[in-house]
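Engineer: Below is the structure I would like to discuss, written out as structure tokens.
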Amino acid sequence: MTLFVELTLVLLIVAVASSLMKLLKQPLIVGYILAGVIVGPVGFNVVQAKDTLELFSKIGIAILLFIVGLHLSPKVIKEVGAVSMITGISQVLFTSVVGFLIALALGLTTTAAWYVAIALTFSSTIVVLKLISDKGRTHSLYGKIAIGFLLVQDVIASVILIGISAFSNPSHNDLIPLISLLVLKTLGLMVVLFITYQWLLPKLSFLIGKSQELLFVFSLAWGLGLAALFQWLGLSIEIGALVAGVAMSTTTYAEEIAAKLRPLRDFFIILFFVVLGSSMTFSSLSHLLLPVLVLSSFVLVGNPVIMIVIMNLLGFHKRTSFMTGLSIAQISEFSLILASLGLQLGHLSPDVVTIITLVGLVTIAGSTYLILYSEKLYPKLEKLLSLLELRKNGSDPKMSKEHIEIFLFGCDRTSDHFLKLGKRYGYELGIVDFNPAMQERYEKEKVKFFYGDVGNKEFLLELPLDHAKLVISSIPTQADNILLCQHLKEVRPTCSVLIFAQTRDEAEELYTAGASYVILPHEHAAASIVRHIGRSGLSNAGFSKLRLGMGY
């Protein structure tokens, strides 16, 4: 069977399994994992070129982390960095200790218990970021904190994997030089990236923004290139891709880049879950059922409880604590790598590796439901969550947030009037346009500028519309305006939407799509002239006065 045929069969089975999950109103990730089980050794054993699928899944992981990095501007990192560091380290410490005691109680050896405990501490960056992105919550407070502490966990996991590899060597003296070299490589990379960020990217961004194809190719090459560089230097692909995204997060094109890469990410990341499902084995399930259920319950319930308590002590409201806590209710791909390493080094038996793998499958599937339905779960568990409040927090700690209240789509002459409105009454404005040449002008005005194609639904999903109160569009394309109205009706139904149109037929379509008010320039201009004539007559002096009032 050729690779093309094999990949096609895998995708067909994924499509069938995902369709079944959709009909049953279940998360699609469960369908992806189920498809992996079907095509793996347990099922029809379709997957022969597993190395190729694993390569594709790594590409998906890199693109996913790159897109996440695009949302993590230095401003956001400064906002949640300290909280992410504290929650990340605290959660790892508390979970590892409790997990170690549970593993010992289940009869595991001390070495195996430590491996299991460490495996239970790390949450899946891939799963969490995929679900948070799909829900459109990457801009939320809990989303930003979750992304932050997942990054902290990835760094800790990388250090642990390096440490175990070094200690497995007869000469333990290799550990210090190994870590020292890692630190030097990291510092060197940071210097190079800082120089690139400060001087190279600003000059390149204007050039690449003129061509949509060049923007796409350059972004993909930049993200995967840095991820490959980090791996070549002995660091993590995930961290490399994330850093690449952060480096481009302050450019005008961040939202447009993320929108263009999302379909590519979705294709490759599916293969990550397929590979995960295909690695499942159930031959010794009967006598391992108890430890799998106990450890899975601890991850699905205990991990969130630990995080909720930590967040409460840091002063966060119980809703934010709950949402953040649910995001760590699964174990990570690092956990599976750790188990594999332990088996290779002779520290773990195949049964312990199977336990960790099955816990991974159960918790990834289970946490998918918890994260997707977290908003519905919170009201039902609110009273119970009050029992975990060691201190009463009325609201979350104050943090700098981007509250853009008025969005202007299209940069024609009408934008000047609304900019004056914003300055006069203190409204925060955001400009959305497809012309990169407008960026410099609006940056001087200290107005947030978003470069992108309104006709791209993925781009609209990237915009921070959480606090929008008024959206005004002077875009000439009717289809784009209809898409904008429909999108706002879904994500921000309380927002007022004003659209410029040319004909009454267009106005009727826009009202049907959800527009609050449609401005017909010719009709409004004619009505204005009629009112003027009624007040000032037909004299030339009266029209000259009207012209001066318009600023001409």
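Ligands are numbered from 1 in the order shown, residues from 1 within each chain, and chains are lettered A, B, ... in the order they appear in the structure tokens.
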Give me the residues of stretch 423-533 of chain A that have any atom at most 9 Å from an atom of stretch 256-263 of chain A; for each, the nearest atom pair and the distance in Å, rounded to one decimal. Use only C-alpha atoms, sort by chain and number, and format it as a tab-separated table.

Structural biologist:
residue	atom	partner	partner_atom	distance
A:Phe450	CA	A:Glu256	CA	8.1
A:Tyr451	CA	A:Glu256	CA	6.4
A:Gly452	CA	A:Glu256	CA	4.8
A:Asp453	CA	A:Glu256	CA	7.2
A:Asn456	CA	A:Ala259	CA	7.5
A:Lys457	CA	A:Ala259	CA	8.0
A:Glu458	CA	A:Ala259	CA	4.6
A:Phe459	CA	A:Ala259	CA	4.6
A:Leu460	CA	A:Ala259	CA	8.1
A:Leu461	CA	A:Ala259	CA	7.8
A:Glu462	CA	A:Ala259	CA	6.8

Engineer: How would you write, as number ranges by chain, the set of residues in stretch 461-541 of chain A that DSSP gives as alpha helix (DSSP H)?

Structural biologist: A: 461-462, 478-491, 504-513, 521-536, 540-541

Engineer: Any chance you can output those residues with N, CA and C atoms as a tab-separated table (two decimals), in the first residue's frame?

Structural biologist:
chain	number	residue	atom	x	y	z
A	461	LEU	N	-12.68	35.46	13.59
A	461	LEU	CA	-12.57	34.76	14.87
A	461	LEU	C	-11.37	35.23	15.68
A	462	GLU	N	-10.36	35.76	15.01
A	462	GLU	CA	-9.15	36.21	15.70
A	462	GLU	C	-9.31	37.60	16.33
A	478	GLN	N	-20.67	43.47	-0.59
A	478	GLN	CA	-21.88	43.08	0.13
A	478	GLN	C	-21.71	41.75	0.86
A	479	ALA	N	-21.10	40.78	0.21
A	479	ALA	CA	-20.93	39.45	0.83
A	479	ALA	C	-20.10	39.54	2.11
A	480	ASP	N	-19.07	40.38	2.10
A	480	ASP	CA	-18.23	40.54	3.30
A	480	ASP	C	-19.03	41.17	4.43
A	481	ASN	N	-19.87	42.16	4.10
A	481	ASN	CA	-20.68	42.81	5.13
A	481	ASN	C	-21.72	41.86	5.72
A	482	ILE	N	-22.28	41.01	4.88
A	482	ILE	CA	-23.25	40.02	5.38
A	482	ILE	C	-22.57	39.03	6.32
A	483	LEU	N	-21.37	38.56	5.91
A	483	LEU	CA	-20.61	37.65	6.78
A	483	LEU	C	-20.28	38.31	8.11
A	484	LEU	N	-19.91	39.59	8.07
A	484	LEU	CA	-19.59	40.33	9.30
A	484	LEU	C	-20.81	40.43	10.21
A	485	CYS	N	-21.96	40.74	9.64
A	485	CYS	CA	-23.19	40.83	10.44
A	485	CYS	C	-23.54	39.49	11.08
A	486	GLN	N	-23.44	38.43	10.31
A	486	GLN	CA	-23.77	37.10	10.82
A	486	GLN	C	-22.81	36.68	11.93
A	487	HIS	N	-21.52	37.01	11.75
A	487	HIS	CA	-20.53	36.66	12.76
A	487	HIS	C	-20.79	37.41	14.06
A	488	LEU	N	-21.07	38.70	13.97
A	488	LEU	CA	-21.33	39.51	15.17
A	488	LEU	C	-22.60	39.04	15.87
A	489	LYS	N	-23.57	38.58	15.09
A	489	LYS	CA	-24.81	38.07	15.68
A	489	LYS	C	-24.53	36.83	16.53
A	490	GLU	N	-23.52	36.05	16.14
A	490	GLU	CA	-23.14	34.84	16.88
A	490	GLU	C	-22.31	35.16	18.11
A	491	VAL	N	-21.26	35.97	17.95
A	491	VAL	CA	-20.28	36.15	19.02
A	491	VAL	C	-20.52	37.38	19.89
A	504	ARG	N	-31.33	49.87	-1.74
A	504	ARG	CA	-32.30	49.40	-0.76
A	504	ARG	C	-32.32	47.86	-0.68
A	505	ASP	N	-32.11	47.22	-1.83
A	505	ASP	CA	-32.06	45.75	-1.83
A	505	ASP	C	-30.91	45.26	-0.94
A	506	GLU	N	-29.75	45.92	-1.06
A	506	GLU	CA	-28.61	45.55	-0.20
A	506	GLU	C	-28.95	45.80	1.26
A	507	ALA	N	-29.64	46.90	1.52
A	507	ALA	CA	-30.02	47.23	2.90
A	507	ALA	C	-30.92	46.15	3.49
A	508	GLU	N	-31.87	45.66	2.71
A	508	GLU	CA	-32.77	44.62	3.20
A	508	GLU	C	-32.01	43.34	3.53
A	509	GLU	N	-31.05	42.97	2.68
A	509	GLU	CA	-30.22	41.78	2.94
A	509	GLU	C	-29.41	41.94	4.23
A	510	LEU	N	-28.89	43.14	4.44
A	510	LEU	CA	-28.07	43.40	5.63
A	510	LEU	C	-28.92	43.39	6.90
A	511	TYR	N	-30.14	43.93	6.82
A	511	TYR	CA	-31.03	43.87	7.98
A	511	TYR	C	-31.37	42.42	8.33
A	512	THR	N	-31.58	41.61	7.30
A	512	THR	CA	-31.88	40.19	7.52
A	512	THR	C	-30.68	39.48	8.17
A	513	ALA	N	-29.48	39.91	7.79
A	513	ALA	CA	-28.26	39.28	8.33
A	513	ALA	C	-27.97	39.73	9.75
A	521	PRO	N	-25.74	56.21	1.57
A	521	PRO	CA	-25.15	57.56	1.44
A	521	PRO	C	-25.93	58.51	0.57
A	522	HIS	N	-26.40	58.06	-0.61
A	522	HIS	CA	-27.10	58.95	-1.52
A	522	HIS	C	-28.42	59.41	-0.92
A	523	GLU	N	-29.16	58.51	-0.30
A	523	GLU	CA	-30.43	58.88	0.30
A	523	GLU	C	-30.23	59.81	1.50
A	524	HIS	N	-29.22	59.49	2.33
A	524	HIS	CA	-28.95	60.33	3.50
A	524	HIS	C	-28.46	61.72	3.07
A	525	ALA	N	-27.65	61.75	2.00
A	525	ALA	CA	-27.16	63.04	1.50
A	525	ALA	C	-28.31	63.87	0.94
A	526	ALA	N	-29.20	63.21	0.20
A	526	ALA	CA	-30.36	63.91	-0.38
A	526	ALA	C	-31.25	64.47	0.73
A	527	ALA	N	-31.48	63.67	1.76
A	527	ALA	CA	-32.32	64.13	2.88
A	527	ALA	C	-31.66	65.31	3.60
A	528	SER	N	-30.35	65.26	3.72
A	528	SER	CA	-29.62	66.35	4.37
A	528	SER	C	-29.73	67.64	3.56
A	529	ILE	N	-29.62	67.52	2.23
A	529	ILE	CA	-29.73	68.70	1.36
A	529	ILE	C	-31.13	69.30	1.44
A	530	VAL	N	-32.15	68.45	1.46
A	530	VAL	CA	-33.53	68.93	1.57
A	530	VAL	C	-33.72	69.72	2.87
A	531	ARG	N	-33.17	69.20	3.97
A	531	ARG	CA	-33.28	69.90	5.26
A	531	ARG	C	-32.56	71.26	5.20
A	532	HIS	N	-31.39	71.27	4.54
A	532	HIS	CA	-30.63	72.51	4.43
A	532	HIS	C	-31.41	73.56	3.63
A	533	ILE	N	-32.00	73.14	2.50
A	533	ILE	CA	-32.77	74.07	1.67
A	533	ILE	C	-33.95	74.62	2.47
A	534	GLY	N	-34.56	73.74	3.25
A	534	GLY	CA	-35.69	74.19	4.07
A	534	GLY	C	-35.28	75.26	5.06
A	535	ARG	N	-34.01	75.19	5.57
A	535	ARG	CA	-33.53	76.17	6.55
A	535	ARG	C	-32.93	77.41	5.89
A	536	SER	N	-32.14	77.21	4.79
A	536	SER	CA	-31.34	78.31	4.25
A	536	SER	C	-31.73	78.72	2.84
A	540	ASN	N	-26.44	80.62	-2.95
A	540	ASN	CA	-25.08	80.10	-3.02
A	540	ASN	C	-24.34	80.27	-1.69
A	541	ALA	N	-24.64	81.37	-1.01
A	541	ALA	CA	-23.98	81.63	0.28
A	541	ALA	C	-24.32	80.54	1.30

Engineer: Taking only C-alpha atoms into account, which of A:Leu370, A:Leu289, A:Val275, A:Leu53 comes nearest A:Pro304?

Structural biologist: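 Among A:Leu370, A:Leu289, A:Val275, A:Leu53, it is A:Leu370 that comes nearest to A:Pro304.
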
Engineer: State, in Å with one decimal place, the distance from atom CA of A:Ile237 to atom CA of A:Thr357.

Structural biologist: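 According to the coordinates, atom CA of A:Ile237 and atom CA of A:Thr357 are separated by 21.9 Å.
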
Engineer: Quick one: residues within 12 Å of A:Leu93, only C-alpha atoms, excluding same-chain residues fewer than 2 positions away - as a ChimeraX atom specification?

Structural biologist: /A:86-91,95-100,117-118,120-122,153,156,303,306-307,310

Engineer: Between atom CA of A:Phe44 and atom CA of A:Leu358, what is the distance in Å, rounded to a tenth?

Structural biologist: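 Those two atoms sit 19.7 Å apart.
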
Engineer: Can you measure atom CA of A:His317 to atom CA of A:Ala146 for me? One decimal in Å is fine.

Structural biologist: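 Between these atoms lies a distance of 15.1 Å.
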
Engineer: Using only C-alpha atoms for the distances, tell me which of A:Gly43, A:Tyr517, A:Pro291, A:Tyr425 is nearest to A:Leu104.

Structural biologist: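 Ranking A:Gly43, A:Tyr517, A:Pro291, A:Tyr425 by distance to A:Leu104, first place goes to A:Pro291.
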